[in-house]
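This is entry10.pdb (PDB, C-alpha atoms and all ligand atoms).
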```
ATOM      1  CA  MET R1429     -60.402 219.661-223.128  1.00  0.00           C
ATOM      2  CA  ALA R1430     -59.979 217.263-220.276  1.00  0.00           C
ATOM      3  CA  ILE R1431     -57.209 215.999-218.074  1.00  0.00           C
ATOM      4  CA  ARG R1432     -56.697 212.279-218.647  1.00  0.00           C
ATOM      5  CA  ASN R1433     -55.511 209.668-216.227  1.00  0.00           C
ATOM      6  CA  ILE R1434     -51.774 208.961-216.679  1.00  0.00           C
ATOM      7  CA  ARG R1435     -50.926 205.245-216.762  1.00  0.00           C
ATOM      8  CA  THR R1436     -47.933 204.262-214.695  1.00  0.00           C
ATOM      9  CA  ASP R1437     -45.162 201.693-215.025  1.00  0.00           C
ATOM     10  CA  GLY R1438     -46.567 198.180-214.805  1.00  0.00           C
ATOM     11  CA  ASN R1439     -49.600 198.992-216.951  1.00  0.00           C
ATOM     12  CA  PRO R1440     -49.353 196.798-220.068  1.00  0.00           C
ATOM     13  CA  VAL R1441     -50.422 199.650-222.389  1.00  0.00           C
ATOM     14  CA  LEU R1442     -46.991 201.231-221.798  1.00  0.00           C
ATOM     15  CA  ARG R1443     -45.369 198.144-223.339  1.00  0.00           C
ATOM     16  CA  GLU R1444     -47.435 198.016-226.506  1.00  0.00           C
ATOM     17  CA  VAL R1445     -46.057 198.825-229.927  1.00  0.00           C
ATOM     18  CA  CYS R1446     -48.521 201.551-230.856  1.00  0.00           C
ATOM     19  CA  LYS R1447     -50.485 201.545-234.089  1.00  0.00           C
ATOM     20  CA  GLU R1448     -50.079 204.148-236.799  1.00  0.00           C
ATOM     21  CA  VAL R1449     -52.821 206.742-237.031  1.00  0.00           C
ATOM     22  CA  LYS R1450     -54.516 206.111-240.374  1.00  0.00           C
ATOM     23  CA  GLU R1451     -57.134 208.828-240.274  1.00  0.00           C
ATOM     24  CA  ILE R1452     -56.956 212.196-238.519  1.00  0.00           C
ATOM     25  CA  THR R1453     -60.369 213.246-237.260  1.00  0.00           C
ATOM     26  CA  ASP R1454     -61.892 215.677-234.769  1.00  0.00           C
ATOM     27  CA  GLY R1455     -61.583 212.807-232.290  1.00  0.00           C
ATOM     28  CA  THR R1456     -57.824 212.650-232.935  1.00  0.00           C
ATOM     29  CA  ARG R1457     -57.523 216.406-232.375  1.00  0.00           C
ATOM     30  CA  ARG R1458     -59.534 216.131-229.155  1.00  0.00           C
ATOM     31  CA  ILE R1459     -57.160 213.465-227.848  1.00  0.00           C
ATOM     32  CA  LEU R1460     -54.149 215.655-228.729  1.00  0.00           C
ATOM     33  CA  ASP R1461     -55.729 218.637-226.931  1.00  0.00           C
ATOM     34  CA  ASP R1462     -56.346 216.470-223.884  1.00  0.00           C
ATOM     35  CA  MET R1463     -52.752 215.239-224.029  1.00  0.00           C
ATOM     36  CA  VAL R1464     -51.491 218.845-224.030  1.00  0.00           C
ATOM     37  CA  GLU R1465     -53.695 219.728-221.062  1.00  0.00           C
ATOM     38  CA  THR R1466     -52.637 216.576-219.188  1.00  0.00           C
ATOM     39  CA  MET R1467     -48.944 217.286-219.904  1.00  0.00           C
ATOM     40  CA  PHE R1468     -49.183 220.851-218.540  1.00  0.00           C
ATOM     41  CA  ASP R1469     -51.260 219.750-215.558  1.00  0.00           C
ATOM     42  CA  SER R1470     -48.482 217.310-214.591  1.00  0.00           C
ATOM     43  CA  ASP R1471     -45.718 219.787-215.398  1.00  0.00           C
ATOM     44  CA  GLY R1472     -44.294 217.496-218.092  1.00  0.00           C
ATOM     45  CA  VAL R1473     -42.395 218.474-221.237  1.00  0.00           C
ATOM     46  CA  GLY R1474     -43.852 215.654-223.319  1.00  0.00           C
ATOM     47  CA  LEU R1475     -46.547 213.016-223.313  1.00  0.00           C
ATOM     48  CA  ALA R1476     -47.227 210.028-225.542  1.00  0.00           C
ATOM     49  CA  ALA R1477     -50.702 208.629-226.227  1.00  0.00           C
ATOM     50  CA  PRO R1478     -50.070 205.236-224.544  1.00  0.00           C
ATOM     51  CA  GLN R1479     -49.466 207.167-221.312  1.00  0.00           C
ATOM     52  CA  ILE R1480     -53.161 208.036-221.334  1.00  0.00           C
ATOM     53  CA  GLY R1481     -54.106 204.503-222.355  1.00  0.00           C
ATOM     54  CA  ILE R1482     -54.292 204.998-226.130  1.00  0.00           C
ATOM     55  CA  PRO R1483     -51.842 202.775-228.032  1.00  0.00           C
ATOM     56  CA  LYS R1484     -51.568 205.008-231.105  1.00  0.00           C
ATOM     57  CA  ARG R1485     -48.577 206.858-232.517  1.00  0.00           C
ATOM     58  CA  MET R1486     -49.215 210.352-231.161  1.00  0.00           C
ATOM     59  CA  VAL R1487     -47.018 212.601-229.052  1.00  0.00           C
ATOM     60  CA  VAL R1488     -47.219 216.115-227.642  1.00  0.00           C
ATOM     61  CA  ILE R1489     -44.154 218.116-226.663  1.00  0.00           C
ATOM     62  CA  ASP R1490     -43.570 221.487-225.021  1.00  0.00           C
ATOM     63  CA  ASP R1491     -40.021 222.147-223.882  1.00  0.00           C
ATOM     64  CA  ARG R1492     -40.986 225.512-222.253  1.00  0.00           C
ATOM     65  CA  GLU R1493     -38.396 227.146-224.491  1.00  0.00           C
ATOM     66  CA  GLY R1494     -40.719 227.927-227.343  1.00  0.00           C
ATOM     67  CA  HIS R1495     -40.888 224.533-229.029  1.00  0.00           C
ATOM     68  CA  SER R1496     -44.351 223.065-228.992  1.00  0.00           C
ATOM     69  CA  PHE R1497     -45.555 220.154-231.132  1.00  0.00           C
ATOM     70  CA  LYS R1498     -48.473 217.832-231.673  1.00  0.00           C
ATOM     71  CA  LEU R1499     -46.998 214.946-233.662  1.00  0.00           C
ATOM     72  CA  ILE R1500     -48.745 212.070-235.382  1.00  0.00           C
ATOM     73  CA  ASN R1501     -46.792 209.025-236.628  1.00  0.00           C
ATOM     74  CA  PRO R1502     -43.427 210.673-235.858  1.00  0.00           C
ATOM     75  CA  VAL R1503     -40.195 209.105-237.095  1.00  0.00           C
ATOM     76  CA  ILE R1504     -36.550 210.014-236.628  1.00  0.00           C
ATOM     77  CA  THR R1505     -34.974 210.203-240.059  1.00  0.00           C
ATOM     78  CA  GLU R1506     -31.441 211.106-238.966  1.00  0.00           C
ATOM     79  CA  SER R1507     -29.539 211.251-235.717  1.00  0.00           C
ATOM     80  CA  GLU R1508     -26.140 212.633-234.906  1.00  0.00           C
ATOM     81  CA  GLY R1509     -23.756 212.856-231.991  1.00  0.00           C
ATOM     82  CA  GLU R1510     -24.254 211.736-228.421  1.00  0.00           C
ATOM     83  CA  GLN R1511     -25.223 213.282-225.098  1.00  0.00           C
ATOM     84  CA  LEU R1512     -25.888 212.064-221.594  1.00  0.00           C
ATOM     85  CA  SER R1513     -29.450 213.062-220.812  1.00  0.00           C
ATOM     86  CA  SER R1514     -31.234 213.696-217.545  1.00  0.00           C
ATOM     87  CA  GLU R1515     -34.755 212.268-217.766  1.00  0.00           C
ATOM     88  CA  GLY R1516     -37.867 211.624-215.806  1.00  0.00           C
ATOM     89  CA  CYS R1517     -41.215 210.239-216.945  1.00  0.00           C
ATOM     90  CA  LEU R1518     -44.757 211.043-215.856  1.00  0.00           C
ATOM     91  CA  SER R1519     -45.421 207.281-215.955  1.00  0.00           C
ATOM     92  CA  ILE R1520     -42.571 206.591-213.508  1.00  0.00           C
ATOM     93  CA  PRO R1521     -43.109 209.160-210.769  1.00  0.00           C
ATOM     94  CA  GLY R1522     -40.345 209.744-208.262  1.00  0.00           C
ATOM     95  CA  PHE R1523     -37.460 208.529-210.392  1.00  0.00           C
ATOM     96  CA  ARG R1524     -34.820 210.155-212.610  1.00  0.00           C
ATOM     97  CA  GLY R1525     -32.191 208.714-214.830  1.00  0.00           C
ATOM     98  CA  LYS R1526     -29.526 209.347-217.398  1.00  0.00           C
ATOM     99  CA  CYS R1527     -29.477 207.826-220.867  1.00  0.00           C
ATOM    100  CA  LYS R1528     -27.179 208.056-223.854  1.00  0.00           C
ATOM    101  CA  ARG R1529     -29.140 209.927-226.494  1.00  0.00           C
ATOM    102  CA  PRO R1530     -28.217 211.530-229.805  1.00  0.00           C
ATOM    103  CA  GLN R1531     -27.293 215.217-229.667  1.00  0.00           C
ATOM    104  CA  ARG R1532     -29.376 215.994-232.718  1.00  0.00           C
ATOM    105  CA  VAL R1533     -32.291 214.296-234.458  1.00  0.00           C
ATOM    106  CA  SER R1534     -34.277 215.065-237.586  1.00  0.00           C
ATOM    107  CA  VAL R1535     -37.975 214.365-237.223  1.00  0.00           C
ATOM    108  CA  LYS R1536     -40.756 213.781-239.720  1.00  0.00           C
ATOM    109  CA  ALA R1537     -44.394 213.573-238.673  1.00  0.00           C
ATOM    110  CA  LEU R1538     -47.881 214.813-239.408  1.00  0.00           C
ATOM    111  CA  ASN R1539     -49.491 217.638-237.490  1.00  0.00           C
ATOM    112  CA  GLU R1540     -53.055 217.619-236.150  1.00  0.00           C
ATOM    113  CA  ASN R1541     -54.355 218.684-239.566  1.00  0.00           C
ATOM    114  CA  GLY R1542     -52.590 215.859-241.362  1.00  0.00           C
ATOM    115  CA  GLU R1543     -49.958 218.165-242.839  1.00  0.00           C
ATOM    116  CA  PRO R1544     -46.344 216.966-242.982  1.00  0.00           C
ATOM    117  CA  VAL R1545     -43.943 218.594-240.520  1.00  0.00           C
ATOM    118  CA  GLU R1546     -40.186 218.280-240.444  1.00  0.00           C
ATOM    119  CA  PHE R1547     -37.748 219.733-237.974  1.00  0.00           C
ATOM    120  CA  THR R1548     -34.366 219.209-236.400  1.00  0.00           C
ATOM    121  CA  ALA R1549     -34.106 219.020-232.632  1.00  0.00           C
ATOM    122  CA  GLU R1550     -30.932 219.555-230.617  1.00  0.00           C
ATOM    123  CA  GLY R1551     -29.927 219.127-227.003  1.00  0.00           C
ATOM    124  CA  GLN R1552     -32.827 218.771-224.568  1.00  0.00           C
ATOM    125  CA  LEU R1553     -35.438 218.877-227.338  1.00  0.00           C
ATOM    126  CA  ALA R1554     -33.714 215.918-229.027  1.00  0.00           C
ATOM    127  CA  VAL R1555     -33.875 214.039-225.716  1.00  0.00           C
ATOM    128  CA  ILE R1556     -37.595 214.764-225.367  1.00  0.00           C
ATOM    129  CA  CYS R1557     -38.269 213.532-228.917  1.00  0.00           C
ATOM    130  CA  CYS R1558     -36.318 210.295-228.370  1.00  0.00           C
ATOM    131  CA  HIS R1559     -37.989 209.682-224.994  1.00  0.00           C
ATOM    132  CA  GLU R1560     -41.518 210.264-226.290  1.00  0.00           C
ATOM    133  CA  PHE R1561     -41.050 208.335-229.534  1.00  0.00           C
ATOM    134  CA  ASP R1562     -39.673 205.380-227.532  1.00  0.00           C
ATOM    135  CA  HIS R1563     -43.008 205.295-225.680  1.00  0.00           C
ATOM    136  CA  LEU R1564     -44.671 204.516-229.027  1.00  0.00           C
ATOM    137  CA  ASP R1565     -42.602 201.333-229.248  1.00  0.00           C
ATOM    138  CA  GLY R1566     -43.289 200.299-225.658  1.00  0.00           C
ATOM    139  CA  ILE R1567     -39.866 201.440-224.456  1.00  0.00           C
ATOM    140  CA  LEU R1568     -39.358 203.333-221.188  1.00  0.00           C
ATOM    141  CA  TYR R1569     -36.253 205.410-220.510  1.00  0.00           C
ATOM    142  CA  LYS R1570     -35.379 203.214-217.541  1.00  0.00           C
ATOM    143  CA  ASP R1571     -34.810 200.346-220.014  1.00  0.00           C
ATOM    144  CA  LYS R1572     -31.874 202.299-221.469  1.00  0.00           C
ATOM    145  CA  ALA R1573     -30.735 204.234-218.439  1.00  0.00           C
ATOM    146  CA  VAL R1574     -27.069 204.143-217.513  1.00  0.00           C
ATOM    147  CA  GLU R1575     -28.085 205.654-214.184  1.00  0.00           C
ATOM    148  CA  TYR R1576     -31.532 205.328-212.566  1.00  0.00           C
ATOM    149  CA  VAL R1577     -32.287 206.646-209.082  1.00  0.00           C
ATOM    150  CA  LYS R1578     -35.099 207.654-206.768  1.00  0.00           C
ATOM    151  CA  LYS R1579     -35.353 211.439-206.790  1.00  0.00           C
ATOM    152  CA  GLU R1580     -34.666 211.747-203.050  1.00  0.00           C
ATOM    153  CA  GLU R1581     -31.345 209.954-203.491  1.00  0.00           C
ATOM    154  CA  GLU R1582     -30.082 212.367-206.116  1.00  0.00           C
TER     155      GLU R1582
HETATM  156 NI    NI M1601     -42.108 209.280-220.480  1.00  0.00          NI
END
```

For the file at hand, write its structure as C-alpha cells.
Amino acid sequence: MAIRNIRTDGNPVLREVCKEVKEITDGTRRILDDMVETMFDSDGVGLAAPQIGIPKRMVVIDDREGHSFKLINPVITESEGEQLSSEGCLSIPGFRGKCKRPQRVSVKALNENGEPVEFTAEGQLAVICCHEFDHLDGILYKDKAVEYVKKEEE
C-alpha cells in the first residue's frame, strides 16, 4: 500500500465526470487499498478516486463508527428526508461548510471483488456517501454549500 498525493481544488481532475469501472482487477484493488491508506493518513472519513488523480468511479469510506466500504460504481437508488450537514474535504483544506443533504440514502455498488453490495445510510454516513459520490461527477461540496467558511472563522 502507498499514500497517494491528494489533488486540491483547482486541479481539473476534480471537475471530471468519472468513468465507470468496467473491469475489477488486482490493479483496481491496489488503488482502493491506497485510497484507504491515504484517507486514514489524512484523517478523512471518505476519499474518491479523482482526489488521487484517477477519474474513475471508486470511493472509500470509513466513518469511524464501524462502517467501512470500498465502493465501485456506486449509485444512490433512493433518498429520503433532509439534514443540514457539516462538511470538510481533503481537497479543500482549511475550509468547512454546511449543505442540505438527504437524511437517508440507499446505495448500490460493487465491492472490490465485483460483488454487488447494497446498504442504507443514515445521518452522517448518508452525508459522507453524498459528498463522495458527488466527487465522481466533478461536484465539490462548496458548490452546494449554504454556508462555507475558513476553519479559523468558525
Ligand atoms: Ni471531498

Expansion of the PyMOL selection byres (((chain R and resi 1494-1497) around 12) and not hetatm) into residues, as a compact mmCIF listing (two decimals) with C-alpha atoms, in the frame of the given file:
```txt
# COMPACT_ATOMS: atom_id res chain seq x y z
CA LEU R 1460 -54.15 215.66 -228.73
CA ASP R 1461 -55.73 218.64 -226.93
CA MET R 1463 -52.75 215.24 -224.03
CA VAL R 1464 -51.49 218.84 -224.03
CA MET R 1467 -48.94 217.29 -219.90
CA PHE R 1468 -49.18 220.85 -218.54
CA VAL R 1473 -42.40 218.47 -221.24
CA GLY R 1474 -43.85 215.65 -223.32
CA LEU R 1475 -46.55 213.02 -223.31
CA ALA R 1476 -47.23 210.03 -225.54
CA MET R 1486 -49.22 210.35 -231.16
CA VAL R 1487 -47.02 212.60 -229.05
CA VAL R 1488 -47.22 216.12 -227.64
CA ILE R 1489 -44.15 218.12 -226.66
CA ASP R 1490 -43.57 221.49 -225.02
CA ASP R 1491 -40.02 222.15 -223.88
CA ARG R 1492 -40.99 225.51 -222.25
CA GLU R 1493 -38.40 227.15 -224.49
CA LYS R 1498 -48.47 217.83 -231.67
CA LEU R 1499 -47.00 214.95 -233.66
CA ILE R 1500 -48.74 212.07 -235.38
CA PRO R 1502 -43.43 210.67 -235.86
CA VAL R 1535 -37.98 214.36 -237.22
CA LYS R 1536 -40.76 213.78 -239.72
CA ALA R 1537 -44.39 213.57 -238.67
CA LEU R 1538 -47.88 214.81 -239.41
CA ASN R 1539 -49.49 217.64 -237.49
CA GLU R 1540 -53.06 217.62 -236.15
CA VAL R 1545 -43.94 218.59 -240.52
CA GLU R 1546 -40.19 218.28 -240.44
CA PHE R 1547 -37.75 219.73 -237.97
CA THR R 1548 -34.37 219.21 -236.40
CA ALA R 1549 -34.11 219.02 -232.63
CA GLU R 1550 -30.93 219.56 -230.62
CA GLN R 1552 -32.83 218.77 -224.57
CA LEU R 1553 -35.44 218.88 -227.34
CA ALA R 1554 -33.71 215.92 -229.03
CA ILE R 1556 -37.60 214.76 -225.37
CA CYS R 1557 -38.27 213.53 -228.92
CA GLU R 1560 -41.52 210.26 -226.29
```

For Glu1575 (chain R), find every residue with an atom within 8 Å (counting all atoms listed in the file), except residues of its own chain fewer than 4 positions away, and show them as a PDB file with C-alpha atoms, keeping the file's coordinate frame.
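selection12.pdb, written as the output of this step:
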```
ATOM      1  CA  GLY R1525     -32.191 208.714-214.830  1.00  0.00           C
ATOM      2  CA  LYS R1526     -29.526 209.347-217.398  1.00  0.00           C
ATOM      3  CA  CYS R1527     -29.477 207.826-220.867  1.00  0.00           C
TER       4      CYS R1527
END
```

Non-local contacts of Lys1578 (chain R) (10 Å; all atoms listed in the file; under 6 positions in same chain excluded) as a PyMOL selection string
chain R and resi 1521-1525

Name each residue within 10 Å of ligand NI 1601 (chain M), counting only C-alpha atoms and all ligand atoms, as an MDAnalysis selection string.
chainID R and resid 1436:1437 1442 1472:1476 1478:1479 1515:1521 1556 1558:1563 1567:1570

Applying 9 Å and all atoms listed in the file, which residues near Val1441 (chain R) remain after dropping the ones on its own chain fewer than 4 positions away? List them as number ranges by chain.
R: 1435, 1445-1446, 1478-1483, 1566

Report, as lines of an AutoDock Vina configuration file, the centre and edge lengths in Å (one decimal) of the axis-aligned box enclosing every listed atom of region 1486-1503 of chain R, padded by 5 Å on each side.
```
center_x = -43.8
center_y = 218.5
center_z = -229.7
size_x = 20.8
size_y = 28.9
size_z = 24.8
```

As a CSV table (one decimal), keeping the file's coordinate frame, the rebuilt region 1456-1467 of chain R with all heavy atoms:
```csv
chain,number,residue,atom,x,y,z
R,1456,THR,N,-59.3,212.6,-233.1
R,1456,THR,CA,-57.8,212.6,-232.9
R,1456,THR,C,-57.4,214.0,-232.3
R,1456,THR,O,-56.5,214.0,-231.4
R,1456,THR,CB,-57.2,212.5,-234.3
R,1456,THR,OG1,-57.8,211.5,-235.1
R,1456,THR,CG2,-55.7,212.2,-234.2
R,1457,ARG,N,-57.9,215.1,-232.8
R,1457,ARG,CA,-57.5,216.4,-232.4
R,1457,ARG,C,-57.9,216.6,-230.9
R,1457,ARG,O,-57.2,217.3,-230.1
R,1457,ARG,CB,-58.1,217.5,-233.3
R,1457,ARG,CG,-57.4,217.6,-234.6
R,1457,ARG,CD,-58.0,218.7,-235.5
R,1457,ARG,NE,-59.1,218.2,-236.2
R,1457,ARG,CZ,-59.1,217.6,-237.4
R,1457,ARG,NH1,-58.0,217.4,-238.0
R,1457,ARG,NH2,-60.2,217.2,-238.0
R,1458,ARG,N,-59.1,216.0,-230.5
R,1458,ARG,CA,-59.5,216.1,-229.2
R,1458,ARG,C,-58.6,215.4,-228.2
R,1458,ARG,O,-58.2,215.9,-227.2
R,1458,ARG,CB,-60.9,215.5,-229.0
R,1458,ARG,CG,-61.8,216.2,-227.9
R,1458,ARG,CD,-63.3,215.8,-228.0
R,1458,ARG,NE,-63.8,216.1,-229.3
R,1458,ARG,CZ,-64.5,215.2,-230.1
R,1458,ARG,NH1,-64.7,214.0,-229.7
R,1458,ARG,NH2,-65.0,215.6,-231.3
R,1459,ILE,N,-58.1,214.2,-228.7
R,1459,ILE,CA,-57.2,213.5,-227.8
R,1459,ILE,C,-55.9,214.3,-227.7
R,1459,ILE,O,-55.3,214.4,-226.6
R,1459,ILE,CB,-56.9,212.1,-228.5
R,1459,ILE,CG1,-58.1,211.2,-228.4
R,1459,ILE,CG2,-55.7,211.4,-227.8
R,1459,ILE,CD1,-58.0,209.9,-229.3
R,1460,LEU,N,-55.4,214.9,-228.8
R,1460,LEU,CA,-54.1,215.7,-228.7
R,1460,LEU,C,-54.3,216.9,-227.8
R,1460,LEU,O,-53.4,217.2,-227.0
R,1460,LEU,CB,-53.7,216.1,-230.1
R,1460,LEU,CG,-53.2,215.0,-231.0
R,1460,LEU,CD1,-53.2,215.4,-232.5
R,1460,LEU,CD2,-51.8,214.6,-230.6
R,1461,ASP,N,-55.5,217.5,-227.9
R,1461,ASP,CA,-55.7,218.6,-226.9
R,1461,ASP,C,-55.7,218.2,-225.5
R,1461,ASP,O,-55.1,218.8,-224.6
R,1461,ASP,CB,-57.1,219.3,-227.2
R,1461,ASP,CG,-57.1,220.1,-228.5
R,1461,ASP,OD1,-56.0,220.5,-229.0
R,1461,ASP,OD2,-58.2,220.5,-229.0
R,1462,ASP,N,-56.3,217.0,-225.2
R,1462,ASP,CA,-56.3,216.5,-223.9
R,1462,ASP,C,-54.9,216.1,-223.4
R,1462,ASP,O,-54.6,216.3,-222.3
R,1462,ASP,CB,-57.2,215.2,-223.8
R,1462,ASP,CG,-58.7,215.5,-223.9
R,1462,ASP,OD1,-59.1,216.7,-223.8
R,1462,ASP,OD2,-59.5,214.6,-223.9
R,1463,MET,N,-54.1,215.6,-224.4
R,1463,MET,CA,-52.8,215.2,-224.0
R,1463,MET,C,-52.0,216.5,-223.6
R,1463,MET,O,-51.2,216.5,-222.7
R,1463,MET,CB,-52.1,214.5,-225.2
R,1463,MET,CG,-52.6,213.1,-225.4
R,1463,MET,SD,-52.0,212.4,-227.0
R,1463,MET,CE,-50.2,212.3,-226.7
R,1464,VAL,N,-52.2,217.6,-224.4
R,1464,VAL,CA,-51.5,218.8,-224.0
R,1464,VAL,C,-51.9,219.3,-222.6
R,1464,VAL,O,-51.1,219.6,-221.8
R,1464,VAL,CB,-51.8,219.9,-225.1
R,1464,VAL,CG1,-51.3,221.3,-224.6
R,1464,VAL,CG2,-51.2,219.6,-226.4
R,1465,GLU,N,-53.2,219.3,-222.4
R,1465,GLU,CA,-53.7,219.7,-221.1
R,1465,GLU,C,-53.2,218.8,-219.9
R,1465,GLU,O,-52.7,219.3,-218.9
R,1465,GLU,CB,-55.2,219.7,-221.1
R,1465,GLU,CG,-55.8,220.5,-219.8
R,1465,GLU,CD,-57.3,220.6,-219.9
R,1465,GLU,OE1,-57.9,220.3,-220.9
R,1465,GLU,OE2,-57.8,221.1,-218.8
R,1466,THR,N,-53.1,217.5,-220.2
R,1466,THR,CA,-52.6,216.6,-219.2
R,1466,THR,C,-51.1,216.8,-218.9
R,1466,THR,O,-50.7,216.8,-217.8
R,1466,THR,CB,-52.9,215.1,-219.7
R,1466,THR,OG1,-54.3,215.0,-220.0
R,1466,THR,CG2,-52.5,214.1,-218.6
R,1467,MET,N,-50.4,217.0,-220.0
R,1467,MET,CA,-48.9,217.3,-219.9
R,1467,MET,C,-48.7,218.5,-219.0
R,1467,MET,O,-47.9,218.5,-218.1
R,1467,MET,CB,-48.3,217.5,-221.3
R,1467,MET,CG,-46.9,218.0,-221.3
R,1467,MET,SD,-46.3,218.2,-223.0
R,1467,MET,CE,-47.3,219.6,-223.6
```
